[in-house]
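J.: coords-v4.tsv is reproduced below (TSV, C-alpha atoms).
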```
chain	number	residue	atom	x	y	z
Y	1	MET	CA	82.49	56.44	192.35
Y	2	LYS	CA	84.24	59.46	193.80
Y	3	ILE	CA	86.40	61.65	191.59
Y	4	TYR	CA	89.18	61.78	194.14
Y	5	THR	CA	91.22	58.67	194.87
Y	6	LYS	CA	93.99	60.08	197.06
Y	7	THR	CA	96.42	57.72	195.25
Y	8	GLY	CA	98.32	60.67	193.82
Y	9	ASP	CA	98.84	62.47	197.10
Y	10	GLU	CA	102.49	61.40	197.19
Y	11	GLY	CA	103.23	62.85	193.74
Y	12	THR	CA	102.74	59.78	191.56
Y	13	THR	CA	100.09	58.80	189.06
Y	14	ALA	CA	98.95	55.52	187.54
Y	15	LEU	CA	99.58	54.70	183.90
Y	16	TYR	CA	96.94	52.96	181.85
Y	17	GLY	CA	97.68	49.26	181.83
Y	18	GLY	CA	99.71	49.33	185.01
Y	19	GLY	CA	102.59	50.98	186.78
Y	20	ARG	CA	103.05	54.33	188.48
Y	21	VAL	CA	105.34	57.24	187.67
Y	22	LEU	CA	106.08	60.62	189.18
Y	23	LYS	CA	103.71	63.34	188.04
Y	24	ASP	CA	106.61	65.22	186.45
Y	25	HIS	CA	107.61	62.21	184.31
Y	26	PRO	CA	107.99	63.05	180.58
Y	27	ARG	CA	105.13	60.67	179.75
Y	28	VAL	CA	102.77	62.57	182.06
Y	29	ALA	CA	104.01	65.88	180.62
Y	30	ALA	CA	103.30	64.60	177.10
Y	31	TYR	CA	99.77	63.36	177.67
Y	32	GLY	CA	99.05	66.28	180.01
Y	33	THR	CA	99.95	68.76	177.28
Y	34	VAL	CA	97.77	66.85	174.79
Y	35	ASP	CA	94.96	67.17	177.36
Y	36	GLU	CA	95.65	70.91	177.63
Y	37	LEU	CA	95.50	71.16	173.84
Y	38	ASN	CA	92.14	69.41	173.88
Y	39	SER	CA	90.89	71.99	176.38
Y	40	VAL	CA	92.08	74.84	174.16
Y	41	LEU	CA	90.26	73.23	171.21
Y	42	GLY	CA	87.15	73.24	173.41
Y	43	MET	CA	87.62	76.99	173.89
Y	44	ALA	CA	88.14	77.41	170.15
Y	45	LEU	CA	84.83	75.66	169.53
Y	46	LEU	CA	83.17	78.46	171.52
Y	47	GLN	CA	85.05	81.24	169.67
Y	48	VAL	CA	85.26	80.11	166.04
Y	49	ALA	CA	82.38	81.37	163.89
Y	50	ASP	CA	82.86	79.04	160.91
Y	51	ASP	CA	80.65	75.92	161.15
Y	52	GLU	CA	82.92	73.73	159.01
Y	53	ILE	CA	85.96	74.48	161.18
Y	54	ARG	CA	83.93	73.88	164.36
Y	55	ARG	CA	82.68	70.48	163.12
Y	56	ARG	CA	86.22	69.42	162.32
Y	57	LEU	CA	87.57	70.72	165.63
Y	58	ALA	CA	85.00	68.59	167.46
Y	59	ARG	CA	86.22	65.53	165.55
Y	60	LEU	CA	89.84	66.32	166.40
Y	61	GLN	CA	89.00	66.53	170.11
Y	62	HIS	CA	88.13	62.83	170.00
Y	63	ASP	CA	91.42	62.13	168.22
Y	64	LEU	CA	93.34	63.95	170.93
Y	65	PHE	CA	91.66	61.88	173.62
Y	66	THR	CA	92.90	58.80	171.75
Y	67	LEU	CA	96.43	60.26	171.54
Y	68	GLY	CA	96.33	60.87	175.28
Y	69	ALA	CA	95.24	57.28	175.94
Y	70	VAL	CA	98.05	55.96	173.73
Y	71	LEU	CA	100.60	58.15	175.50
Y	72	ALA	CA	99.30	57.10	178.94
Y	73	THR	CA	99.76	53.43	178.06
Y	74	VAL	CA	103.14	51.80	178.52
Y	75	ALA	CA	103.84	48.66	176.53
Y	76	VAL	CA	104.93	45.91	178.89
Y	77	GLU	CA	106.74	42.97	177.37
Y	78	GLY	CA	104.64	39.84	177.46
Y	79	ARG	CA	101.46	41.74	178.35
Y	80	PRO	CA	98.88	42.76	175.74
Y	81	VAL	CA	97.85	46.38	175.34
Y	82	PRO	CA	94.95	46.93	177.73
Y	83	LYS	CA	91.45	46.73	176.28
Y	84	GLY	CA	89.97	50.10	175.55
Y	85	VAL	CA	93.07	51.73	174.05
Y	86	PRO	CA	91.98	52.64	170.51
Y	87	ASP	CA	94.27	52.74	167.51
Y	88	LEU	CA	95.82	56.07	166.60
Y	89	PRO	CA	93.70	57.94	164.05
Y	90	LEU	CA	96.55	58.06	161.51
Y	91	GLY	CA	94.13	58.30	158.58
Y	92	ARG	CA	93.25	61.75	159.87
Y	93	ILE	CA	96.73	62.98	158.88
Y	94	GLU	CA	95.89	62.64	155.17
Y	95	GLU	CA	92.46	64.10	155.84
Y	96	MET	CA	94.05	67.17	157.50
Y	97	GLU	CA	96.37	67.54	154.51
Y	98	ALA	CA	93.33	67.58	152.20
Y	99	TRP	CA	91.59	70.13	154.45
Y	100	MET	CA	94.69	72.34	154.30
Y	101	ASP	CA	94.92	72.01	150.53
Y	102	ASP	CA	91.27	73.05	150.20
Y	103	ALA	CA	91.78	76.01	152.54
Y	104	ASP	CA	94.93	77.11	150.71
Y	105	GLY	CA	92.86	77.32	147.53
Y	106	GLU	CA	90.67	79.88	149.27
Y	107	LEU	CA	93.44	81.86	150.99
Y	108	ALA	CA	95.84	84.43	149.61
Y	109	PRO	CA	99.42	83.15	149.39
Y	110	LEU	CA	101.58	83.80	152.43
Y	111	THR	CA	103.93	86.72	151.86
Y	112	ALA	CA	104.83	87.53	155.48
Y	113	PHE	CA	104.91	85.99	158.92
Y	114	VAL	CA	101.45	86.00	160.49
Y	115	LEU	CA	100.83	87.09	164.09
Y	116	PRO	CA	98.02	85.64	166.21
Y	117	GLY	CA	95.01	87.91	165.95
Y	118	GLY	CA	92.34	89.23	163.67
Y	119	SER	CA	89.21	87.62	165.07
Y	120	VAL	CA	88.76	86.03	168.48
Y	121	GLY	CA	88.30	82.63	166.82
Y	122	ALA	CA	91.52	82.95	164.84
Y	123	ALA	CA	93.48	84.08	167.90
Y	124	THR	CA	92.16	81.07	169.82
Y	125	LEU	CA	93.21	78.74	166.99
Y	126	HIS	CA	96.69	80.29	167.09
Y	127	HIS	CA	96.75	79.65	170.84
Y	128	ALA	CA	95.81	76.01	170.16
Y	129	ARG	CA	98.61	75.85	167.57
Y	130	THR	CA	101.22	76.94	170.11
Y	131	VAL	CA	99.99	74.41	172.68
Y	132	CYS	CA	100.08	71.77	169.94
Y	133	ARG	CA	103.72	72.60	169.20
Y	134	ARG	CA	104.53	72.28	172.91
Y	135	ALA	CA	102.75	68.90	173.02
Y	136	GLU	CA	104.85	67.84	170.04
Y	137	ARG	CA	108.04	68.88	171.86
Y	138	GLU	CA	106.96	66.97	174.97
Y	139	VAL	CA	106.31	63.83	172.92
Y	140	VAL	CA	109.67	64.13	171.15
Y	141	HIS	CA	111.34	64.49	174.56
Y	142	LEU	CA	109.53	61.36	175.76
Y	143	GLN	CA	110.53	59.57	172.55
Y	144	SER	CA	114.19	60.22	173.36
Y	145	ARG	CA	113.75	58.21	176.57
Y	146	GLU	CA	111.05	55.64	175.84
Y	147	GLU	CA	109.28	54.01	172.95
Y	148	VAL	CA	106.44	56.09	171.55
Y	149	ASP	CA	104.42	55.37	168.45
Y	150	GLU	CA	105.93	57.62	165.75
Y	151	GLY	CA	102.44	58.39	164.51
Y	152	VAL	CA	101.82	60.61	167.53
Y	153	VAL	CA	104.48	63.11	166.46
Y	154	ARG	CA	103.30	63.00	162.84
Y	155	TYR	CA	99.72	63.66	163.93
Y	156	LEU	CA	100.67	66.59	166.19
Y	157	ASN	CA	102.95	68.08	163.55
Y	158	ARG	CA	100.19	68.04	160.97
Y	159	LEU	CA	97.63	69.29	163.47
Y	160	SER	CA	99.70	72.38	164.29
Y	161	ASP	CA	99.89	73.17	160.56
Y	162	MET	CA	96.13	72.62	160.34
Y	163	LEU	CA	95.45	74.99	163.23
Y	164	PHE	CA	97.59	77.69	161.61
Y	165	THR	CA	95.71	77.27	158.34
Y	166	TRP	CA	92.34	77.32	160.09
Y	167	ALA	CA	93.28	80.52	161.94
Y	168	ARG	CA	93.95	82.16	158.59
Y	169	LEU	CA	90.76	80.65	157.12
Y	170	GLU	CA	88.67	81.84	160.09
Y	171	ASN	CA	89.97	85.38	159.60
Y	172	HIS	CA	89.38	85.22	155.86
Y	173	ARG	CA	85.84	83.92	156.18
Y	174	GLN	CA	85.01	86.51	158.87
Y	175	GLY	CA	86.40	89.37	156.76
Y	176	HIS	CA	89.56	89.99	158.82
Y	177	PRO	CA	92.95	90.26	157.14
Y	178	ASP	CA	95.92	88.28	158.41
Y	179	VAL	CA	97.86	90.22	161.03
Y	180	GLU	CA	101.28	90.44	159.41
Y	181	TRP	CA	104.52	90.93	161.28
Y	182	ALA	CA	105.77	94.48	160.76
Y	183	LYS	CA	109.57	94.44	160.90
Y	184	GLU	CA	110.15	97.89	162.35
```
Can you give me the file's structure in the form of structure tokens?
T.:
Amino acid sequence: MKIYTKTGDEGTTALYGGGRVLKDHPRVAAYGTVDELNSVLGMALLQVADDEIRRRLARLQHDLFTLGAVLATVAVEGRPVPKGVPDLPLGRIEEMEAWMDDADGELAPLTAFVLPGGSVGAATLHHARTVCRRAEREVVHLQSREEVDEGVVRYLNRLSDMLFTWARLENHRQGHPDVEWAKE
């Protein structure tokens, strides 16, 4: 099978389960940004020094692929969801909350706004956080036009919080202080 199909040469793309939309459609923007986030998590895996964070990042990459599949699938009345579209990993939301609670027990309380930086791993996690927030905005925009499982926004919202916390935890565990915003 060749990687190129030439079916998108006119500016459209196929949705999972049927139908085609323009490549600038909000649905494509949403799952495309989730895909970009997954790529940034892949970069973070190469930069983060902490083994626990890396293991969890690898797990979240699989979750994001599932979110992308869900977003690329349009429910068609009278037609079942295509085989192969997994359920959203909504249980991971509570798991991320527990991970954040554990990390917060190790971290100093926040007393200032934190800038991206410190270690390379932490800066990459902050980059992932900003892409995650953009993915969340894209999904909310899509939600204003079409039906989207509300769990997608909840997952992305919690993930961005998780990435912020992990950036701080990576700095802490690598001996770097948070880079605080200096209001000059």
J.: Under the rule that all atoms listed in the file are counted, which of Y:Asp87, Y:Asp9, Y:Asp104, Y:Glu138 is the nearest residue to Ala30 in chain Y?
T.: Y:Glu138
J.: When distances are computed from only C-alpha atoms, which of Y:Glu150, Y:Glu10, Y:Glu184, Y:Asp178 shows the smallest separation from Leu115 in chain Y?
T.: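 Nearest candidate to Leu115 in chain Y out of Y:Glu150, Y:Glu10, Y:Glu184, Y:Asp178: Y:Asp178.
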J.: Could you tell me how far CA of Arg56 in chain Y lies from CA of Ile93 in chain Y, in Å and to one decimal?
T.: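 Going from CA of Arg56 in chain Y over to CA of Ile93 in chain Y, I get 12.8 Å.
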J.: Taking (85.8, 83.2, 164.2) in the file's coordinates as the center, which residues reach within 6 Å of it, counting only C-alpha atoms, put as a JSON list (two decimals) with C-alpha atoms, keeping the file's coordinate frame?
T.:
```
[["chain", "number", "residue", "atom", "x", "y", "z"],
["Y", 47, "GLN", "CA", 85.05, 81.24, 169.67],
["Y", 48, "VAL", "CA", 85.26, 80.11, 166.04],
["Y", 49, "ALA", "CA", 82.38, 81.37, 163.89],
["Y", 119, "SER", "CA", 89.21, 87.62, 165.07],
["Y", 120, "VAL", "CA", 88.76, 86.03, 168.48],
["Y", 121, "GLY", "CA", 88.30, 82.63, 166.82],
["Y", 122, "ALA", "CA", 91.52, 82.95, 164.84],
["Y", 170, "GLU", "CA", 88.67, 81.84, 160.09]]
```
J.: Restricting the calculation to all atoms listed in the file: of Y:Glu95, Y:Glu106, Y:Asp161, Y:Asp24, which residue gets closest to Cys132 in chain Y?
T.: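 Distance minimum relative to Cys132 in chain Y lands on Y:Asp161.
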J.: Which one of Y:Arg168, Y:His141, Y:His176, Y:Lys183 sits closest to Arg27 in chain Y if you count only C-alpha atoms?
T.: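 Nearest candidate to Arg27 in chain Y out of Y:Arg168, Y:His141, Y:His176, Y:Lys183: Y:His141.
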J.: For a test of reading the model, state the distance in Å between CA of Leu45 in chain Y and CA of Asn171 in chain Y, rounded to one decimal.
T.: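 Calculated distance between CA of Leu45 in chain Y and CA of Asn171 in chain Y is 14.8 Å.
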J.: Measuring between only C-alpha atoms, which one of Y:Lys23, Y:Leu37, Y:Ala69, Y:Ser144 shows the shortest distance to Leu163 in chain Y?
T.: Y:Leu37
J.: Identify, on the basis of only C-alpha atoms, every residue whose closest approach to Gln143 in chain Y does not exceed 12 Å; exclude the query and any residue fewer than 4 positions from it along the same chain; express the result as a list in words.
T.: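 After dropping sequence-adjacent residues, the list is Pro26, Arg27, Ala30, Leu71, Glu136, Arg137, Glu138, Val139, Glu147, Val148, Asp149, Glu150, Gly151, Val152 and Val153 of chain Y.
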J.: Can you pull out the residues contacting Leu64 in chain Y? Cut-off 9 Å, using all atoms listed in the file, and skip same-chain residues under 2 positions away; I want them as a list in words.
T.: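 Non-adjacent residues within range: Val34, Asp35, Leu37, Asn38, Leu60, Gln61, His62, Thr66, Leu67, Gly68 and Ala69 of chain Y.
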J.: Name the closest residue to Thr33 in chain Y among the candidates Y:Gly11, Y:Ala128, Y:Lys2, Y:Trp181; distances are taken between atoms, counting all atoms listed in the file.
T.: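 Residue with the minimum atom-to-atom distance to Thr33 in chain Y: Y:Ala128.
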J.: What does the structure give for the distance between CA of Arg173 in chain Y and CA of Arg158 in chain Y, in Å to one decimal?
T.: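 Interatomic distance, CA of Arg173 in chain Y to CA of Arg158 in chain Y: 21.9 Å.
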J.: Name all residues at most 9 Å from Val40 in chain Y (count all atoms listed in the file; drop same-chain ones fewer than 6 positions away) and give them as a short mmCIF file (atom, residue, chain, number, x, y, z; two decimals) with C-alpha atoms, in the coordinates of the input.
T.:
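The resulting out_27.cif:
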```
data_model
loop_
_atom_site.label_atom_id
_atom_site.label_comp_id
_atom_site.auth_asym_id
_atom_site.auth_seq_id
_atom_site.Cartn_x
_atom_site.Cartn_y
_atom_site.Cartn_z
CA THR Y 124 92.16 81.07 169.82
CA LEU Y 125 93.21 78.74 166.99
CA HIS Y 127 96.75 79.65 170.84
CA ALA Y 128 95.81 76.01 170.16
CA VAL Y 131 99.99 74.41 172.68
#
```
